[in-house]
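Coordinates from run.cif are shown below (mmCIF, C-alpha atoms and all ligand atoms).
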data_query
loop_
_atom_site.label_atom_id
_atom_site.label_comp_id
_atom_site.auth_asym_id
_atom_site.auth_seq_id
_atom_site.Cartn_x
_atom_site.Cartn_y
_atom_site.Cartn_z
CA MET A 1 71.79 28.11 15.44
CA PRO A 2 72.49 29.61 18.87
CA ILE A 3 71.58 27.31 21.69
CA LYS A 4 69.20 28.21 24.47
CA LEU A 5 70.35 27.75 28.06
CA PRO A 6 69.84 25.80 30.18
CA ILE A 7 70.09 22.73 27.99
CA TYR A 8 67.66 19.92 28.80
CA PHE A 9 69.55 16.64 29.23
CA ASP A 10 67.18 15.00 31.70
CA ASN A 11 64.90 13.11 29.33
CA ALA A 12 64.92 10.05 31.59
CA ALA A 13 63.16 12.17 34.24
CA THR A 14 60.55 13.48 31.84
CA THR A 15 60.32 14.61 28.23
CA ARG A 16 58.94 17.69 26.58
CA CYS A 17 55.56 16.96 25.04
CA ASP A 18 55.80 16.66 21.27
CA PRO A 19 53.78 19.54 19.71
CA ARG A 20 51.98 16.95 17.54
CA VAL A 21 50.82 15.27 20.74
CA VAL A 22 49.50 18.53 22.16
CA GLU A 23 47.68 19.24 18.91
CA ALA A 24 45.95 15.87 19.07
CA MET A 25 44.91 16.46 22.68
CA LEU A 26 43.47 19.97 22.42
CA PRO A 27 40.05 19.15 20.92
CA CYS A 28 39.43 16.72 23.79
CA PHE A 29 39.23 19.60 26.27
CA THR A 30 36.65 21.79 24.58
CA GLU A 31 34.93 20.05 21.68
CA ARG A 32 35.17 16.31 22.11
CA PHE A 33 34.92 16.57 25.88
CA GLY A 34 32.45 13.76 26.51
CA ASN A 35 32.77 10.93 29.02
CA PRO A 36 33.47 7.66 27.20
CA GLY A 37 31.21 6.01 29.76
CA SER A 38 28.19 7.96 28.50
CA ARG A 39 26.45 5.45 26.25
CA ASN A 40 23.43 7.52 25.30
CA HIS A 41 24.71 10.42 23.22
CA ARG A 42 27.18 11.54 20.67
CA PHE A 43 29.53 13.24 23.15
CA GLY A 44 30.11 9.92 24.85
CA TRP A 45 30.44 7.98 21.61
CA GLU A 46 33.01 10.43 20.24
CA ALA A 47 35.09 10.24 23.38
CA GLU A 48 34.91 6.46 23.31
CA GLU A 49 36.01 6.45 19.71
CA ALA A 50 39.00 8.67 20.57
CA VAL A 51 39.98 6.31 23.40
CA ASP A 52 39.62 3.28 21.09
CA ILE A 53 41.98 4.83 18.56
CA ALA A 54 44.53 5.55 21.29
CA ARG A 55 44.20 2.01 22.65
CA GLY A 56 45.09 0.73 19.21
CA GLN A 57 48.08 3.07 18.94
CA VAL A 58 49.46 1.94 22.31
CA ALA A 59 48.86 -1.73 21.50
CA ASP A 60 50.56 -1.41 18.10
CA LEU A 61 53.73 -0.04 19.63
CA ILE A 62 54.22 -3.16 21.78
CA GLY A 63 52.67 -5.87 19.61
CA ALA A 64 49.61 -6.29 21.84
CA SER A 65 45.92 -6.34 21.06
CA PRO A 66 43.89 -3.27 22.09
CA LYS A 67 41.87 -5.28 24.62
CA GLU A 68 45.07 -5.96 26.53
CA ILE A 69 45.69 -2.28 27.32
CA VAL A 70 44.55 -0.84 30.67
CA PHE A 71 44.95 2.91 30.93
CA THR A 72 46.38 4.22 34.21
CA SER A 73 47.72 7.48 35.60
CA GLY A 74 51.28 6.48 34.71
CA SER A 75 53.87 3.81 35.33
CA THR A 76 53.72 4.06 39.11
CA GLU A 77 50.07 3.08 39.09
CA ALA A 78 50.63 0.46 36.38
CA ASN A 79 53.39 -1.12 38.48
CA ASN A 80 51.22 -1.12 41.60
CA LEU A 81 48.33 -2.73 39.74
CA ALA A 82 50.57 -5.31 38.09
CA ILE A 83 52.56 -6.30 41.15
CA LYS A 84 49.93 -6.15 43.89
CA GLY A 85 47.17 -7.25 41.52
CA ALA A 86 49.04 -10.36 40.34
CA ALA A 87 50.39 -11.29 43.77
CA GLU A 88 46.96 -11.13 45.39
CA MET A 89 45.36 -13.02 42.49
CA TYR A 90 47.89 -15.86 42.46
CA ALA A 91 48.60 -15.96 46.20
CA LYS A 92 48.90 -19.50 47.54
CA LYS A 93 47.42 -18.66 50.93
CA PRO A 94 44.80 -16.18 52.10
CA GLU A 95 45.52 -12.74 53.50
CA GLY A 96 46.93 -12.72 57.01
CA GLU A 97 49.04 -15.86 56.55
CA THR A 98 52.73 -16.16 55.71
CA GLY A 99 54.26 -18.16 52.86
CA ARG A 100 51.73 -16.76 50.40
CA GLY A 101 54.09 -17.12 47.44
CA HIS A 102 57.52 -16.14 46.18
CA ILE A 103 58.34 -12.98 44.21
CA ILE A 104 61.59 -12.14 42.39
CA THR A 105 62.80 -8.59 41.82
CA ALA A 106 66.04 -6.59 42.05
CA ILE A 107 67.44 -4.05 44.48
CA HIS A 108 68.04 -1.38 41.83
CA GLU A 109 64.53 -1.30 40.41
CA HIS A 110 62.61 1.99 40.38
CA LYS A 111 60.94 2.89 43.68
CA ALA A 112 57.61 2.34 41.94
CA VAL A 113 58.48 -1.36 41.90
CA ILE A 114 60.47 -1.61 45.12
CA ASP A 115 57.80 -0.10 47.36
CA PRO A 116 54.85 -2.22 46.15
CA VAL A 117 57.05 -5.32 46.53
CA LYS A 118 58.02 -4.26 50.05
CA ARG A 119 54.33 -3.89 50.83
CA LEU A 120 53.72 -7.45 49.64
CA GLU A 121 56.59 -8.69 51.77
CA LYS A 122 54.74 -7.24 54.77
CA ARG A 123 51.57 -8.97 53.59
CA GLY A 124 53.11 -12.43 53.79
CA PHE A 125 54.88 -12.94 50.45
CA ASP A 126 58.53 -14.07 50.26
CA VAL A 127 60.80 -11.92 48.15
CA THR A 128 64.17 -12.57 46.53
CA TRP A 129 65.94 -9.25 46.00
CA LEU A 130 68.53 -9.87 43.28
CA THR A 131 71.76 -7.86 43.32
CA PRO A 132 73.08 -6.90 39.89
CA GLY A 133 76.65 -7.51 38.81
CA ALA A 134 79.08 -4.58 38.66
CA ASP A 135 77.76 -4.07 35.12
CA GLY A 136 74.29 -3.37 36.49
CA LEU A 137 72.63 -6.28 34.71
CA ILE A 138 70.09 -8.79 35.90
CA THR A 139 70.55 -11.91 33.80
CA ALA A 140 68.36 -14.90 33.04
CA GLU A 141 70.88 -17.00 34.93
CA MET A 142 70.35 -15.00 38.13
CA VAL A 143 66.59 -15.35 37.86
CA SER A 144 66.86 -19.02 37.02
CA ARG A 145 68.83 -19.63 40.20
CA ALA A 146 66.30 -17.66 42.27
CA MET A 147 63.25 -19.54 40.97
CA ARG A 148 61.39 -21.68 43.50
CA GLU A 149 58.56 -24.11 43.47
CA ASP A 150 56.27 -21.41 44.87
CA THR A 151 57.42 -18.49 42.68
CA ILE A 152 54.33 -16.64 41.50
CA LEU A 153 55.73 -13.40 40.08
CA CYS A 154 58.92 -11.94 38.69
CA THR A 155 59.24 -8.19 38.14
CA ILE A 156 62.41 -6.97 36.44
CA MET A 157 62.66 -3.63 34.66
CA TRP A 158 63.64 -3.65 31.02
CA ALA A 159 66.01 -0.69 31.07
CA ASN A 160 67.28 1.05 34.16
CA ASN A 161 66.33 4.70 34.52
CA GLU A 162 69.60 5.81 36.13
CA ILE A 163 72.23 3.94 34.16
CA GLY A 164 70.35 2.83 31.04
CA THR A 165 71.42 -0.79 31.30
CA ILE A 166 69.23 -3.36 29.53
CA ASN A 167 68.25 -6.49 31.43
CA GLU A 168 67.71 -9.86 29.76
CA VAL A 169 63.95 -9.48 29.93
CA PRO A 170 62.93 -11.82 27.07
CA GLN A 171 65.20 -14.57 28.39
CA ILE A 172 63.99 -13.99 31.94
CA GLY A 173 60.37 -14.02 30.80
CA LYS A 174 60.89 -17.35 29.09
CA ILE A 175 62.12 -19.00 32.28
CA VAL A 176 59.47 -17.41 34.50
CA ARG A 177 56.56 -18.21 32.19
CA ALA A 178 57.72 -21.74 31.51
CA ALA A 179 57.53 -22.30 35.27
CA GLY A 180 53.96 -21.03 35.32
CA ALA A 181 54.75 -17.74 37.11
CA VAL A 182 53.81 -14.26 35.92
CA MET A 183 56.39 -12.02 34.20
CA HIS A 184 56.05 -8.26 34.73
CA THR A 185 58.43 -5.64 33.41
CA ASP A 186 58.59 -1.94 34.15
CA ALA A 187 59.36 -0.86 30.60
CA THR A 188 58.98 2.86 31.21
CA GLN A 189 62.44 3.70 29.87
CA TRP A 190 62.40 1.08 27.12
CA VAL A 191 59.08 1.32 25.33
CA GLY A 192 58.97 3.87 22.57
CA LYS A 193 62.73 3.91 22.27
CA MET A 194 63.40 0.25 21.48
CA PRO A 195 61.40 -2.34 19.51
CA THR A 196 58.98 -4.27 21.69
CA ASN A 197 56.77 -7.27 21.07
CA VAL A 198 55.13 -8.61 24.20
CA THR A 199 54.70 -12.08 22.72
CA ASP A 200 58.16 -12.60 21.22
CA ASP A 201 59.61 -10.96 24.32
CA GLU A 202 57.78 -13.31 26.72
CA ILE A 203 55.96 -10.71 28.79
CA ASP A 204 52.69 -11.06 30.72
CA LEU A 205 52.46 -7.58 32.22
CA LEU A 206 54.22 -4.40 31.05
CA SER A 207 54.13 -0.85 32.42
CA LEU A 208 54.62 2.26 30.31
CA SER A 209 54.24 5.99 30.85
CA GLY A 210 53.29 8.92 28.61
CA HIS A 211 55.67 11.55 29.90
CA LYS A 212 58.80 9.52 29.24
CA ILE A 213 57.95 9.21 25.55
CA TYR A 214 57.06 12.82 24.59
CA GLY A 215 53.47 12.46 25.75
CA PRO A 216 51.66 14.12 28.66
CA LYS A 217 52.21 13.50 32.37
CA GLY A 218 49.64 11.67 34.45
CA VAL A 219 48.81 8.98 31.94
CA GLY A 220 50.25 5.55 31.22
CA ALA A 221 49.18 2.00 30.62
CA LEU A 222 49.50 -1.55 31.81
CA TYR A 223 49.59 -4.31 29.23
CA VAL A 224 47.75 -7.36 30.60
CA ARG A 225 48.13 -10.57 28.58
CA ARG A 226 44.78 -12.08 27.58
CA ARG A 227 45.82 -15.38 26.02
CA LYS A 228 48.52 -18.00 26.44
CA PRO A 229 47.94 -17.61 29.33
CA ARG A 230 45.17 -15.23 30.34
CA ILE A 231 46.51 -13.14 33.22
CA ARG A 232 44.09 -11.97 35.86
CA LEU A 233 44.61 -9.26 38.46
CA VAL A 234 42.93 -8.12 41.62
CA ALA A 235 41.87 -4.53 40.97
CA GLN A 236 43.58 -1.97 43.16
CA THR A 237 41.15 0.87 42.45
CA GLU A 238 37.48 0.12 42.78
CA GLY A 239 34.49 2.06 41.57
CA GLY A 240 32.76 2.44 38.23
CA GLY A 241 34.32 -0.65 36.68
CA GLN A 242 36.07 1.08 33.81
CA GLU A 243 38.92 -0.66 31.95
CA ARG A 244 37.25 -4.06 32.33
CA GLY A 245 37.14 -3.56 36.06
CA TYR A 246 40.92 -3.33 36.39
CA ARG A 247 41.03 0.40 36.89
CA SER A 248 37.93 2.29 37.86
CA GLY A 249 37.66 6.01 37.30
CA THR A 250 36.53 8.23 34.44
CA LEU A 251 39.07 7.94 31.68
CA ASN A 252 41.56 10.78 31.21
CA VAL A 253 40.56 11.22 27.58
CA PRO A 254 42.95 14.07 26.64
CA GLY A 255 45.83 12.24 28.31
CA ILE A 256 44.95 8.95 26.67
CA VAL A 257 44.67 10.57 23.24
CA GLY A 258 48.05 12.20 23.84
CA LEU A 259 49.59 8.90 24.95
CA GLY A 260 48.23 7.24 21.82
CA MET A 261 49.72 9.87 19.54
CA ALA A 262 53.02 9.74 21.44
CA CYS A 263 53.15 5.97 20.88
CA GLU A 264 52.39 6.31 17.18
CA LEU A 265 55.15 8.90 16.73
CA CYS A 266 57.66 6.79 18.67
CA GLY A 267 56.86 3.81 16.49
CA LYS A 268 57.32 5.79 13.29
CA GLU A 269 60.48 7.61 14.28
CA MET A 270 62.14 4.99 16.45
CA ASP A 271 64.81 3.79 14.05
CA SER A 272 66.08 7.18 12.93
CA GLU A 273 65.85 8.63 16.42
CA ARG A 274 67.77 5.75 17.97
CA GLU A 275 70.55 6.09 15.46
CA ARG A 276 70.82 9.84 15.87
CA LEU A 277 70.81 9.75 19.68
CA LEU A 278 73.26 6.86 19.82
CA LYS A 279 75.74 8.94 17.82
CA LEU A 280 75.29 11.89 20.16
CA ARG A 281 75.66 9.75 23.26
CA LYS A 282 78.83 8.15 21.89
CA LYS A 283 80.20 11.59 21.18
CA LEU A 284 79.51 12.58 24.77
CA GLU A 285 81.08 9.44 26.20
CA THR A 286 84.13 9.64 23.99
CA ALA A 287 84.75 13.27 24.85
CA LEU A 288 84.12 12.88 28.56
CA ALA A 289 84.80 9.38 29.82
CA GLY A 290 87.07 8.53 26.90
CA SER A 291 89.45 11.44 27.21
CA ILE A 292 89.33 12.70 30.79
CA GLU A 293 91.31 10.51 33.17
CA VAL A 294 89.81 8.81 36.22
CA THR A 295 86.28 8.67 34.86
CA GLN A 296 83.98 5.75 34.33
CA VAL A 297 80.75 5.08 32.50
CA ASN A 298 78.50 3.26 34.94
CA GLY A 299 76.81 0.09 33.79
CA HIS A 300 77.48 -2.36 31.00
CA ALA A 301 79.36 -0.86 28.04
CA GLU A 302 77.10 -2.22 25.30
CA LYS A 303 73.88 -3.46 26.88
CA ARG A 304 72.45 0.00 27.38
CA LEU A 305 69.92 2.43 26.00
CA PRO A 306 71.17 4.52 23.09
CA HIS A 307 70.35 7.90 24.60
CA LEU A 308 71.45 7.67 28.23
CA THR A 309 74.82 7.76 29.92
CA ASN A 310 75.89 7.90 33.53
CA ILE A 311 79.46 9.04 34.11
CA SER A 312 81.46 9.28 37.35
CA PHE A 313 84.30 11.76 37.60
CA GLY A 314 86.95 10.86 40.16
CA PHE A 315 88.55 13.60 42.31
CA VAL A 316 85.60 15.91 41.77
CA GLU A 317 83.35 17.11 44.55
CA GLY A 318 79.74 16.28 43.75
CA GLU A 319 77.96 19.44 44.80
CA GLY A 320 80.61 21.56 43.16
CA LEU A 321 80.13 19.64 39.95
CA MET A 322 76.36 20.24 39.92
CA MET A 323 76.93 23.95 40.56
CA ALA A 324 79.50 24.17 37.79
CA VAL A 325 77.22 22.55 35.22
CA LYS A 326 74.03 24.35 36.14
CA ASN A 327 73.46 25.30 32.49
CA ILE A 328 72.96 21.61 31.80
CA ALA A 329 69.77 20.27 33.30
CA CYS A 330 70.67 16.70 34.24
CA SER A 331 70.61 14.37 37.24
CA SER A 332 73.39 13.67 39.69
CA GLY A 333 74.32 10.48 41.50
CA SER A 334 72.91 11.95 44.66
CA ALA A 335 69.34 11.46 45.72
CA CYS A 336 67.91 14.26 47.81
CA THR A 337 66.25 12.64 50.78
CA SER A 338 64.55 14.75 53.39
CA ALA A 339 67.56 15.47 55.52
CA SER A 340 70.69 14.68 53.58
CA LEU A 341 72.27 13.99 50.22
CA GLU A 342 72.34 10.21 49.86
CA PRO A 343 74.35 8.51 47.13
CA SER A 344 72.12 6.89 44.53
CA TYR A 345 71.00 3.41 45.62
CA VAL A 346 71.28 2.27 42.01
CA LEU A 347 74.96 3.17 41.74
CA LYS A 348 75.48 1.67 45.19
CA ALA A 349 73.94 -1.59 43.97
CA LEU A 350 76.64 -1.74 41.29
CA GLY A 351 79.30 -1.28 43.94
CA VAL A 352 80.12 2.33 43.03
CA GLY A 353 81.59 4.02 46.11
CA ASP A 354 79.79 6.91 47.82
CA GLU A 355 82.24 9.60 46.68
CA LEU A 356 82.18 8.46 43.09
CA ALA A 357 78.40 8.18 43.15
CA HIS A 358 78.11 11.78 44.32
CA SER A 359 80.35 12.95 41.47
CA SER A 360 78.26 11.23 38.79
CA LEU A 361 76.12 12.79 36.12
CA ARG A 362 73.22 11.14 34.32
CA LEU A 363 72.88 12.71 30.90
CA SER A 364 69.78 11.56 29.04
CA LEU A 365 69.22 12.81 25.51
CA GLY A 366 65.94 13.10 23.69
CA ARG A 367 64.09 13.96 20.51
CA PHE A 368 64.62 17.70 20.84
CA ASN A 369 68.34 17.74 21.64
CA THR A 370 70.84 18.90 19.02
CA GLU A 371 74.49 18.21 18.32
CA GLU A 372 75.28 21.84 19.22
CA GLU A 373 73.92 21.20 22.68
CA VAL A 374 76.08 18.11 23.04
CA ASP A 375 79.14 20.14 22.04
CA TYR A 376 78.27 22.79 24.60
CA ALA A 377 77.85 20.18 27.32
CA ILE A 378 81.18 18.56 26.51
CA ASP A 379 83.05 21.86 26.83
CA ASN A 380 81.16 22.86 29.96
CA ILE A 381 81.67 19.57 31.78
CA ARG A 382 85.32 19.23 30.82
CA GLU A 383 86.04 22.71 32.08
CA ALA A 384 84.15 22.07 35.32
CA VAL A 385 86.04 18.85 36.00
CA GLU A 386 89.40 20.49 35.34
CA LYS A 387 88.60 23.41 37.61
CA LEU A 388 87.33 21.27 40.46
CA ARG A 389 90.35 19.00 40.28
CA LEU A 390 92.58 22.01 40.82
CA LEU A 391 90.93 22.17 44.23
CA SER A 392 91.49 18.53 45.05
CA PRO A 393 94.56 17.59 47.13
CA LEU A 394 93.82 13.94 46.38
CA TYR A 395 94.07 14.66 42.69
CA ASP A 396 97.50 16.22 43.25
CA MET A 397 98.63 13.07 45.00
CA HIS A 398 97.21 11.00 42.18
CA LYS A 399 99.19 13.01 39.65
CA GLU A 400 102.34 12.55 41.67
CA GLY A 401 101.86 8.86 41.14
CA ILE A 402 100.59 7.94 44.58
CA ASP A 403 98.07 5.23 43.96
CA ILE A 404 95.38 6.44 46.32
CA SER A 405 92.74 5.99 43.71
CA ARG A 406 92.37 2.31 44.39
CA ILE A 407 91.95 2.86 48.08
CA GLU A 408 89.69 5.88 47.83
CA TRP A 409 87.64 5.17 44.74
CA SER A 410 87.68 1.45 44.24
CA THR A 411 84.28 0.10 43.31
CA HIS A 412 84.87 -3.38 44.63
C1 LIG B 1 59.52 7.48 35.50
C2 LIG B 1 59.53 6.06 35.86
C3 LIG B 1 58.49 5.51 36.61
C4 LIG B 1 57.34 6.34 37.13
O1 LIG B 1 56.48 6.67 36.08
P1 LIG B 1 55.30 7.71 36.30
O2 LIG B 1 54.53 7.63 35.02
O3 LIG B 1 55.95 9.03 36.49
O4 LIG B 1 54.51 7.26 37.47
C5 LIG B 1 58.55 4.17 36.90
N1 LIG B 1 59.56 3.40 36.48
C6 LIG B 1 60.59 3.90 35.76
C7 LIG B 1 61.67 3.00 35.31
C8 LIG B 1 60.61 5.25 35.43
O5 LIG B 1 61.61 5.72 34.73
#
Now that the file is in, can you turn its structure into structure tokens?
Amino acid sequence: MPIKLPIYFDNAATTRCDPRVVEAMLPCFTERFGNPGSRNHRFGWEAEEAVDIARGQVADLIGASPKEIVFTSGSTEANNLAIKGAAEMYAKKPEGETGRGHIITAIHEHKAVIDPVKRLEKRGFDVTWLTPGADGLITAEMVSRAMREDTILCTIMWANNEIGTINEVPQIGKIVRAAGAVMHTDATQWVGKMPTNVTDDEIDLLSLSGHKIYGPKGVGALYVRRRKPRIRLVAQTEGGGQERGYRSGTLNVPGIVGLGMACELCGKEMDSERERLLKLRKKLETALAGSIEVTQVNGHAEKRLPHLTNISFGFVEGEGLMMAVKNIACSSGSACTSASLEPSYVLKALGVGDELAHSSLRLSLGRFNTEEEVDYAIDNIREAVEKLRLLSPLYDMHKEGIDISRIEWSTH
């Protein structure tokens, strides 16, 4: 089968909606269009029924009960509600004072965690910002050492969106919860791809998003534990009192129905999909990092998501690399800020140097990628790296045996 260009290898940024999800959503726009808050007629009842089914589908995927699911506009909102909502609920001192409680997080979390935590820091909470090891991991040991008498909340993502590394969330949760603090995880990249059980995995609050799991954009959910212990939150959006008061606003019924179907499909197809994508990712890594010299896969070798890889190519100019692989839609190790090209703060957190960060590619595979596409990408990237290295005087020196690589590229 001929492949269509450009290839989409940016599934960690967003995924294509599964056609089965779209099909489930369509009737919600024109036929079953009611407001689930309308208690007096069939339109409302039907919409409520559709939302109830979706709530069950989301809950099933993570081993929760439907009453523990709060629908949001996505993971960003779920993280904000979890982090600000828990901190304000369990604060040890009133607003306006300092020393309101201690929060643990990490410096290479998603911005949707970092920024709410920074906000809380300004509002009088103390924060420990953990630095990962060179392997990108946050371990239970690190969290254990950071715990304090006044720790109220720990928020550590399950899998990192840039490097795919998997943190020791169940072990961390155990420590945090045993100490009576609240455990939140941004599981946006994990849920739907890897088995999840909020009870076995020791989680109090968990964020997930539709568009990362072949569902629609603009919808997600926060899991809020209801027993052992019952977690309470201060609402961050006030109004009509929907979602048990945690998130006011008329429910996004089509989005919620789509999210529900997306969760059901992920649950059903998880095992086969994981296996297939793991094979493809290994093929990519073997052909690129494994056989081109001066390359590295960023993050822990084994503790990583099956479908995501982040590879740095030494002696390759970053912008040139992106230009040369423009038929492969993927992310680079550069973050476009308003004025300049900054190296990714996630790679920086691992100690990856600026140059090497700029010449990194994040390739994230998904449900709709084929082996033919992987083969195309391998050839394309190899060729690009070879060509760009012809332009690199440093690479010439490296080939002549001058060990500049340690000085120029060292990650320590
Ligand atoms: C995409 C992503 C988010 C943001 O999710 P939205 O639903 O787009 O708001 C948050 N955290 C992680 C880890 C992500 O990958």
Checklist line | 12 Å contact set for Glu371 (chain A), all atoms listed in the file, chain neighbours under 6 positions out, as a PyMOL selection string | finding: chain A and resi 1-3+7+276-284+365+377-378
Next item on the list: Please provide the set of residues having any atom within 12 Å of Glu88 (chain A), restricted to only C-alpha atoms, with same-chain residues fewer than 2 positions apart removed, written as number ranges by chain.
Entry: A: 80-86, 90-96, 100-103, 116-117, 119-121, 123-125, 152-153, 232-236
Next item on the list: Would you list the residues that come within 7 Å of ligand LIG 1 (chain B)? Count all atoms listed in the file and give the answer as a ChimeraX atom specification.
Entry: /A:12-13,73-77,110,112,157,160-161,186-189,209-212,217-220
Notebook entry, point to check: Do you have the CA of Asp375 (chain A)-CA of Glu269 (chain A) distance handy?
Noted result: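 Between CA of Asp375 (chain A) and CA of Glu269 (chain A) the gap works out to 23.8 Å.
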Note to self: Using Å and a single decimal, report how far CA of Trp158 (chain A) sits from CA of Leu356 (chain A).
What the structure shows: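 For CA of Leu356 (chain A) relative to CA of Trp158 (chain A), the distance reads 25.2 Å.
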Item checked: Interatomic distance, CA of Cys330 (chain A) to CA of Leu350 (chain A) (Å, one decimal) ->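 Pair CA of Cys330 (chain A) / CA of Leu350 (chain A) returns 20.6 Å.
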Margin query: Here is a test: counting all atoms listed in the file, which residue of A:Asn79, A:Ile69, A:Glu49, A:Phe368 is nearest to Tyr214 (chain A)?
Written below: A:Phe368
Taking all atoms listed in the file into account, produce a table as a Markdown table in which each residue of region 340-378 of chain A with an atom at most 6 Å from an atom of region 299-322 of chain A appears once, together with its shortest atom pair and the distance in Å to one decimal, ordered by chain and rising number.
| residue | atom | partner | partner_atom | distance |
| --- | --- | --- | --- | --- |
| A:Leu356 | CA | A:Ser312 | CA | 5.8 |
| A:His358 | CA | A:Gly318 | CA | 4.8 |
| A:Ser359 | CA | A:Gly318 | CA | 4.1 |
| A:Ser360 | CA | A:Ser312 | CA | 4.0 |
| A:Leu361 | CA | A:Ile311 | CA | 5.4 |
| A:Arg362 | CA | A:Asn310 | CA | 4.3 |
| A:Leu363 | CA | A:Thr309 | CA | 5.4 |
| A:Ser364 | CA | A:Leu308 | CA | 4.3 |
| A:Leu365 | CA | A:His307 | CA | 5.1 |
Final N, CA and C atoms of region 331-350 of chain A as an mmCIF file, keeping the file's coordinate frame:
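Final output, rebuild28.cif:
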data_model
loop_
_atom_site.group_PDB
_atom_site.id
_atom_site.type_symbol
_atom_site.label_atom_id
_atom_site.label_comp_id
_atom_site.auth_asym_id
_atom_site.auth_seq_id
_atom_site.Cartn_x
_atom_site.Cartn_y
_atom_site.Cartn_z
ATOM 1 N N SER A 331 70.710 14.911 35.888
ATOM 2 C CA SER A 331 70.610 14.370 37.240
ATOM 3 C C SER A 331 71.987 14.025 37.762
ATOM 4 N N SER A 332 72.116 14.044 39.077
ATOM 5 C CA SER A 332 73.390 13.670 39.690
ATOM 6 C C SER A 332 73.248 12.302 40.330
ATOM 7 N N GLY A 333 74.349 11.783 40.821
ATOM 8 C CA GLY A 333 74.320 10.480 41.500
ATOM 9 C C GLY A 333 73.938 10.610 42.950
ATOM 10 N N SER A 334 73.379 11.748 43.305
ATOM 11 C CA SER A 334 72.910 11.950 44.660
ATOM 12 C C SER A 334 71.392 12.019 44.643
ATOM 13 N N ALA A 335 70.792 11.378 45.607
ATOM 14 C CA ALA A 335 69.340 11.460 45.720
ATOM 15 C C ALA A 335 69.044 12.337 46.926
ATOM 16 N N CYS A 336 68.268 13.382 46.704
ATOM 17 C CA CYS A 336 67.910 14.260 47.810
ATOM 18 C C CYS A 336 66.866 13.564 48.672
ATOM 19 N N THR A 337 67.259 13.112 49.833
ATOM 20 C CA THR A 337 66.250 12.640 50.780
ATOM 21 C C THR A 337 65.964 13.800 51.718
ATOM 22 N N SER A 338 65.032 13.620 52.598
ATOM 23 C CA SER A 338 64.550 14.750 53.390
ATOM 24 C C SER A 338 65.675 15.504 54.076
ATOM 25 N N ALA A 339 66.574 14.780 54.706
ATOM 26 C CA ALA A 339 67.560 15.470 55.520
ATOM 27 C C ALA A 339 68.910 15.638 54.829
ATOM 28 N N SER A 340 69.317 14.641 54.069
ATOM 29 C CA SER A 340 70.690 14.680 53.580
ATOM 30 C C SER A 340 70.778 14.276 52.116
ATOM 31 N N LEU A 341 71.990 14.390 51.590
ATOM 32 C CA LEU A 341 72.270 13.990 50.220
ATOM 33 C C LEU A 341 72.785 12.561 50.250
ATOM 34 N N GLU A 342 71.949 11.617 49.841
ATOM 35 C CA GLU A 342 72.340 10.210 49.860
ATOM 36 C C GLU A 342 72.892 9.840 48.492
ATOM 37 N N PRO A 343 73.923 8.980 48.449
ATOM 38 C CA PRO A 343 74.350 8.510 47.130
ATOM 39 C C PRO A 343 73.263 7.620 46.529
ATOM 40 N N SER A 344 73.148 7.643 45.228
ATOM 41 C CA SER A 344 72.120 6.890 44.530
ATOM 42 C C SER A 344 72.168 5.399 44.895
ATOM 43 N N TYR A 345 71.012 4.834 45.247
ATOM 44 C CA TYR A 345 71.000 3.410 45.620
ATOM 45 C C TYR A 345 71.243 2.524 44.403
ATOM 46 N N VAL A 346 71.011 3.059 43.222
ATOM 47 C CA VAL A 346 71.280 2.270 42.010
ATOM 48 C C VAL A 346 72.786 2.129 41.809
ATOM 49 N N LEU A 347 73.503 3.246 41.892
ATOM 50 C CA LEU A 347 74.960 3.170 41.740
ATOM 51 C C LEU A 347 75.564 2.334 42.854
ATOM 52 N N LYS A 348 75.019 2.473 44.046
ATOM 53 C CA LYS A 348 75.480 1.670 45.190
ATOM 54 C C LYS A 348 75.325 0.179 44.895
ATOM 55 N N ALA A 349 74.208 -0.178 44.272
ATOM 56 C CA ALA A 349 73.940 -1.590 43.970
ATOM 57 C C ALA A 349 75.005 -2.163 43.042
ATOM 58 N N LEU A 350 75.594 -1.304 42.209
ATOM 59 C CA LEU A 350 76.640 -1.740 41.290
ATOM 60 C C LEU A 350 78.003 -1.790 41.975
#
